[in-house]
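Undergrad: This is the content of work-v1.json (JSON, C-alpha atoms):
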```json
[["chain", "number", "residue", "atom", "x", "y", "z"],
["I", 1, "MET", "CA", 110.82, -28.14, 95.72],
["I", 2, "HIS", "CA", 107.28, -27.38, 96.81],
["I", 3, "ASP", "CA", 104.31, -26.57, 94.61],
["I", 4, "ASP", "CA", 104.87, -22.82, 95.13],
["I", 5, "HIS", "CA", 108.30, -23.19, 93.50],
["I", 6, "VAL", "CA", 106.84, -24.68, 90.34],
["I", 7, "ASP", "CA", 105.76, -21.56, 88.54],
["I", 8, "THR", "CA", 103.67, -21.03, 85.42],
["I", 9, "ALA", "CA", 106.69, -21.26, 83.10],
["I", 10, "ASP", "CA", 107.79, -24.52, 84.75],
["I", 11, "ARG", "CA", 104.29, -25.93, 84.30],
["I", 12, "MET", "CA", 104.33, -24.95, 80.64],
["I", 13, "LEU", "CA", 107.64, -26.79, 80.13],
["I", 14, "LEU", "CA", 106.42, -29.84, 82.07],
["I", 15, "THR", "CA", 103.22, -29.94, 80.00],
["I", 16, "GLN", "CA", 105.27, -29.92, 76.79],
["I", 17, "LEU", "CA", 107.54, -32.71, 78.04],
["I", 18, "GLN", "CA", 104.60, -34.82, 79.23],
["I", 19, "SER", "CA", 103.10, -34.58, 75.77],
["I", 20, "ASP", "CA", 106.35, -35.45, 73.99],
["I", 21, "ALA", "CA", 109.59, -36.11, 75.87],
["I", 22, "ARG", "CA", 111.52, -35.72, 72.61],
["I", 23, "THR", "CA", 110.65, -32.02, 72.47],
["I", 24, "THR", "CA", 113.93, -30.14, 72.13],
["I", 25, "VAL", "CA", 115.02, -27.30, 74.39],
["I", 26, "GLN", "CA", 114.85, -25.01, 71.35],
["I", 27, "GLN", "CA", 111.23, -26.03, 70.64],
["I", 28, "MET", "CA", 110.29, -25.51, 74.30],
["I", 29, "ALA", "CA", 111.94, -22.09, 74.28],
["I", 30, "GLU", "CA", 110.03, -21.06, 71.16],
["I", 31, "LYS", "CA", 106.67, -22.25, 72.55],
["I", 32, "SER", "CA", 107.19, -20.74, 76.00],
["I", 33, "GLY", "CA", 108.85, -17.47, 75.04],
["I", 34, "LEU", "CA", 111.84, -18.26, 77.26],
["I", 35, "SER", "CA", 115.47, -18.33, 76.20],
["I", 36, "THR", "CA", 117.09, -21.71, 75.60],
["I", 37, "ALA", "CA", 119.44, -21.05, 78.54],
["I", 38, "SER", "CA", 116.46, -20.37, 80.81],
["I", 39, "VAL", "CA", 114.71, -23.56, 79.65],
["I", 40, "GLN", "CA", 117.87, -25.57, 80.31],
["I", 41, "ARG", "CA", 118.25, -24.07, 83.81],
["I", 42, "ARG", "CA", 114.61, -24.72, 84.65],
["I", 43, "LEU", "CA", 114.74, -28.32, 83.42],
["I", 44, "ARG", "CA", 117.94, -28.98, 85.36],
["I", 45, "ARG", "CA", 116.33, -27.52, 88.52],
["I", 46, "LEU", "CA", 113.15, -29.57, 88.01],
["I", 47, "ARG", "CA", 115.22, -32.75, 87.55],
["I", 48, "GLU", "CA", 117.41, -32.07, 90.57],
["I", 49, "ALA", "CA", 114.36, -31.35, 92.73],
["I", 50, "GLY", "CA", 112.71, -34.62, 91.64],
["I", 51, "VAL", "CA", 109.74, -32.87, 90.02],
["I", 52, "LEU", "CA", 110.79, -34.29, 86.66],
["I", 53, "GLN", "CA", 111.49, -37.87, 87.71],
["I", 54, "LYS", "CA", 112.35, -39.57, 84.42],
["I", 55, "GLU", "CA", 111.68, -39.51, 80.72],
["I", 56, "VAL", "CA", 110.45, -42.75, 79.19],
["I", 57, "ALA", "CA", 109.14, -44.18, 75.94],
["I", 58, "LEU", "CA", 105.58, -45.49, 75.88],
["I", 59, "VAL", "CA", 105.40, -48.93, 74.26],
["I", 60, "ASP", "CA", 102.21, -50.38, 72.76],
["I", 61, "GLN", "CA", 101.64, -53.43, 74.96],
["I", 62, "GLN", "CA", 99.55, -55.24, 72.36],
["I", 63, "LYS", "CA", 102.31, -54.94, 69.77],
["I", 64, "VAL", "CA", 104.86, -56.48, 72.14],
["I", 65, "GLY", "CA", 102.67, -59.45, 73.02],
["I", 66, "LEU", "CA", 101.19, -58.33, 76.36],
["I", 67, "GLY", "CA", 97.52, -58.68, 75.47],
["I", 68, "VAL", "CA", 96.05, -59.06, 78.96],
["I", 69, "THR", "CA", 95.74, -56.31, 81.55],
["I", 70, "ALA", "CA", 94.33, -57.21, 84.95],
["I", 71, "ILE", "CA", 93.29, -54.92, 87.76],
["I", 72, "VAL", "CA", 93.71, -56.86, 90.98],
["I", 73, "SER", "CA", 92.63, -56.03, 94.52],
["I", 74, "VAL", "CA", 94.51, -57.89, 97.26],
["I", 75, "GLU", "CA", 93.74, -58.54, 100.92],
["I", 76, "LEU", "CA", 96.53, -59.76, 103.14],
["I", 77, "GLU", "CA", 96.03, -62.28, 105.94],
["I", 78, "ARG", "CA", 98.07, -60.51, 108.57],
["I", 79, "ASP", "CA", 98.77, -56.91, 109.39],
["I", 80, "ARG", "CA", 102.30, -57.40, 110.68],
["I", 81, "LEU", "CA", 104.59, -54.74, 109.29],
["I", 82, "GLU", "CA", 107.33, -57.12, 108.12],
["I", 83, "GLN", "CA", 104.83, -59.20, 106.11],
["I", 84, "ILE", "CA", 103.29, -56.12, 104.55],
["I", 85, "ASP", "CA", 106.76, -54.83, 103.68],
["I", 86, "ALA", "CA", 107.70, -58.18, 102.15],
["I", 87, "PHE", "CA", 104.61, -58.10, 99.94],
["I", 88, "LYS", "CA", 105.35, -54.51, 98.90],
["I", 89, "ARG", "CA", 108.94, -55.41, 97.99],
["I", 90, "LYS", "CA", 107.75, -58.37, 95.93],
["I", 91, "ALA", "CA", 105.29, -56.19, 94.00],
["I", 92, "ARG", "CA", 107.81, -53.40, 93.40],
["I", 93, "ILE", "CA", 110.34, -55.70, 91.73],
["I", 94, "ASP", "CA", 107.95, -57.84, 89.66],
["I", 95, "PRO", "CA", 108.06, -56.62, 86.04],
["I", 96, "GLN", "CA", 104.46, -57.72, 85.38],
["I", 97, "VAL", "CA", 103.17, -55.33, 88.06],
["I", 98, "LEU", "CA", 102.89, -51.95, 86.34],
["I", 99, "HIS", "CA", 101.07, -50.05, 89.07],
["I", 100, "PHE", "CA", 100.84, -50.87, 92.76],
["I", 101, "TYR", "CA", 98.82, -48.88, 95.28],
["I", 102, "CYS", "CA", 98.28, -49.24, 99.01],
["I", 103, "ILE", "CA", 94.65, -48.25, 99.52],
["I", 104, "ALA", "CA", 92.05, -47.59, 102.17],
["I", 105, "GLY", "CA", 88.82, -49.55, 101.76],
["I", 106, "ASP", "CA", 87.83, -53.16, 101.26],
["I", 107, "ALA", "CA", 91.27, -54.29, 100.09],
["I", 108, "ASP", "CA", 94.82, -53.57, 101.20],
["I", 109, "PHE", "CA", 96.31, -53.09, 97.74],
["I", 110, "VAL", "CA", 95.30, -52.59, 94.11],
["I", 111, "MET", "CA", 97.65, -53.46, 91.29],
["I", 112, "VAL", "CA", 97.67, -53.37, 87.52],
["I", 113, "VAL", "CA", 99.28, -56.45, 86.02],
["I", 114, "VAL", "CA", 100.09, -57.34, 82.40],
["I", 115, "ALA", "CA", 100.49, -60.77, 80.86],
["I", 116, "PRO", "CA", 100.79, -62.19, 77.35],
["I", 117, "ASP", "CA", 97.48, -64.06, 77.66],
["I", 118, "ILE", "CA", 95.10, -65.57, 80.22],
["I", 119, "ALA", "CA", 97.37, -68.57, 80.75],
["I", 120, "GLY", "CA", 100.24, -66.17, 81.44],
["I", 121, "TYR", "CA", 98.09, -64.29, 83.95],
["I", 122, "GLU", "CA", 97.12, -67.57, 85.61],
["I", 123, "ALA", "CA", 100.82, -68.44, 85.95],
["I", 124, "PHE", "CA", 101.39, -65.03, 87.53],
["I", 125, "THR", "CA", 98.61, -65.64, 90.08],
["I", 126, "HIS", "CA", 100.10, -69.00, 91.06],
["I", 127, "ARG", "CA", 103.56, -67.51, 91.47],
["I", 128, "PHE", "CA", 102.54, -64.23, 93.07],
["I", 129, "PHE", "CA", 99.40, -64.93, 95.10],
["I", 130, "PHE", "CA", 98.86, -68.65, 95.69],
["I", 131, "ALA", "CA", 102.49, -69.17, 96.69],
["I", 132, "ASP", "CA", 102.20, -66.40, 99.33],
["I", 133, "SER", "CA", 100.59, -67.60, 102.56],
["I", 134, "ASN", "CA", 99.98, -64.00, 103.62],
["I", 135, "VAL", "CA", 97.53, -63.35, 100.75],
["I", 136, "ARG", "CA", 94.03, -63.86, 102.13],
["I", 137, "LYS", "CA", 92.30, -63.27, 98.81],
["I", 138, "PHE", "CA", 92.57, -61.41, 95.57],
["I", 139, "ARG", "CA", 89.97, -60.32, 93.05],
["I", 140, "THR", "CA", 90.76, -59.83, 89.39],
["I", 141, "SER", "CA", 89.05, -57.70, 86.78],
["I", 142, "ILE", "CA", 90.26, -58.27, 83.23],
["I", 143, "VAL", "CA", 90.39, -55.17, 81.04],
["I", 144, "ILE", "CA", 88.26, -55.61, 77.92],
["I", 145, "SER", "CA", 89.35, -52.35, 76.27],
["I", 146, "THR", "CA", 91.46, -49.39, 77.28],
["I", 147, "GLU", "CA", 89.48, -46.20, 76.80],
["I", 148, "LYS", "CA", 92.07, -43.90, 78.34],
["I", 149, "SER", "CA", 95.56, -44.46, 79.65],
["I", 150, "THR", "CA", 97.87, -41.57, 80.41],
["I", 151, "GLN", "CA", 100.67, -40.53, 82.68],
["I", 152, "GLU", "CA", 100.17, -36.85, 81.86],
["I", 153, "LEU", "CA", 99.27, -34.87, 84.98],
["I", 154, "PRO", "CA", 96.75, -32.01, 84.58],
["I", 155, "LEU", "CA", 99.09, -29.19, 85.54],
["I", 156, "ASP", "CA", 96.58, -26.43, 84.89],
["I", 157, "ILE", "CA", 94.05, -27.26, 87.62]]
```
Translate this file's structure into C-alpha cells.
TA:
Amino acid sequence: MHDDHVDTADRMLLTQLQSDARTTVQQMAEKSGLSTASVQRRLRRLREAGVLQKEVALVDQQKVGLGVTAIVSVELERDRLEQIDAFKRKARIDPQVLHFYCIAGDADFVMVVVAPDIAGYEAFTHRFFFADSNVRKFRTSIVISTEKSTQELPLDI
C-alpha cells in the first residue's frame, strides 16, 4: 500500500488509533461518519498492508523501575558488512535498546537505551560496547527530563 492508497478516511482512523488503541470500531465509526463495517474493512486492509503495524500499551518507565534513559552514538571500528550486520542484530534483540538508527554523520548509529539506574547503564555498556571489539567509541547523553515522547505520526501534514 502506497501513500496514495491511504485516503483521508484512513488517516482519520489511524489518528484515532494512535491517540488511543482501545478506541472501539463503533466509536471510530461515530467520529468518522463511516459505517462500522467500513471501519472494520479499512482497518483490516491497513493491517494487511502493514500500514498499521501493531497496537501496543505504553508503560510508564519510571513506574516500572527504568529510571535512566541514555541516548548513545556509536562508531564502529570496521566497515565490513558482516561486522555491521552482527552489531545490528545484537542491538535489535537487546531489550534495553528501545530505538536503534543507522545514521549519516559523525557516528554510525544512534540508540536509545533504558536502564534501572546509572549502575545498570554502566553494566549495559560493559556488556554491549566494551565487550565488542568492533566498537571504536560511543558517546552517551543521559536524559535529565523527557519533555516530549510520542509514537504518534502527524498524519495531517
Undergrad: Would you list the contacts of Tyr101 (chain I) as a compact mmCIF listing (two decimals) with C-alpha atoms, in the frame of the given file, taking every protein, DNA or RNA residue within 12 Å and counting only C-alpha atoms, but skipping same-chain residues closer than 4 positions in sequence?
TA:
```
# COMPACT_ATOMS: atom_id res chain seq x y z
CA ILE I 71 93.29 -54.92 87.76
CA VAL I 72 93.71 -56.86 90.98
CA SER I 73 92.63 -56.03 94.52
CA VAL I 74 94.51 -57.89 97.26
CA PHE I 87 104.61 -58.10 99.94
CA LYS I 88 105.35 -54.51 98.90
CA ALA I 91 105.29 -56.19 94.00
CA ARG I 92 107.81 -53.40 93.40
CA VAL I 97 103.17 -55.33 88.06
CA GLY I 105 88.82 -49.55 101.76
CA ALA I 107 91.27 -54.29 100.09
CA ASP I 108 94.82 -53.57 101.20
CA PHE I 109 96.31 -53.09 97.74
CA VAL I 110 95.30 -52.59 94.11
CA MET I 111 97.65 -53.46 91.29
CA VAL I 112 97.67 -53.37 87.52
CA VAL I 113 99.28 -56.45 86.02
```
Undergrad: Of the candidates I:Ala37, I:Ala104, I:Ala70, I:Leu98, which shows the shortest atom-to-atom distance to Arg139 (chain I), using only C-alpha atoms?
TA: I:Ala70
Undergrad: Smallest atom-to-atom distance to Ser19 (chain I): which of I:Leu46, I:Ile157, I:Val39, I:Ala57, using all atoms listed in the file?
TA: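 Among I:Leu46, I:Ile157, I:Val39, I:Ala57, it is I:Ala57 that comes nearest to Ser19 (chain I).
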Undergrad: Using all atoms listed in the file, pick whichever of I:Asp7, I:Asp60, I:Glu48, I:Asp79 has the shortest atom-to-atom distance to Asn134 (chain I).
TA: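 Nearest to Asn134 (chain I): I:Asp79.
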Undergrad: Mind giving me the straight-line distance from CA of Ile84 (chain I) to CA of Lys54 (chain I) in Å, one decimal?
TA: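 Between CA of Ile84 (chain I) and CA of Lys54 (chain I) the gap works out to 27.6 Å.
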Undergrad: Fewer than 2 positions away in the same chain doesn't count, so skip those; otherwise give me all residues within 9 Å of Glu77 (chain I), counting all atoms listed in the file, as a list in words.
TA: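 Near Glu77 (chain I), the qualifying residues are Glu75, Asp79, Ser133, Asn134, Val135, Arg136 and Lys137 of chain I.
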Undergrad: Report, in Å to a single decimal, how far apart CA of Ile103 (chain I) and CA of Gly50 (chain I) are.
TA: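 About the pair CA of Gly50 (chain I) and CA of Ile103 (chain I): they are 24.0 Å apart.
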Undergrad: Using only C-alpha atoms, which residue out of I:Arg127, I:His5, I:Leu17, I:Ile118 lies closest to Lys31 (chain I)?
TA: I:Leu17
Undergrad: Using CA of Ile93 (chain I) and CA of Ala49 (chain I) as the two end points, give the distance in Å to one decimal.
TA: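 The value is 24.7 Å.
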Undergrad: Find the spatial neighbours of Glu122 (chain I), counting only C-alpha atoms, within a cut-off of 12 Å - ignore same-chain residues fewer than 5 positions away - and output them as an MDAnalysis selection string.
TA: chainID I and resid 68 70 113:117 127:130 140 142
Undergrad: Hey, what's within 9 Å of Glu55 (chain I) if we count only C-alpha atoms and toss same-chain stuff fewer than 3 positions away? As an MDAnalysis selection string, please?
TA: chainID I and resid 17:18 21:22 52
Undergrad: Let me make sure I understand: among I:Glu147, I:Thr125, I:Ala9, I:Gly67, which one has the smallest atom-to-atom distance to Ser35 (chain I) if we use only C-alpha atoms?
TA: I:Ala9
Undergrad: Considering all atoms listed in the file, can you say which of I:Gln16, I:Gln96, I:Thr69, I:Gln83 comes closest to Ser141 (chain I)?
TA: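 That would be I:Thr69, the residue with the smallest distance to Ser141 (chain I).
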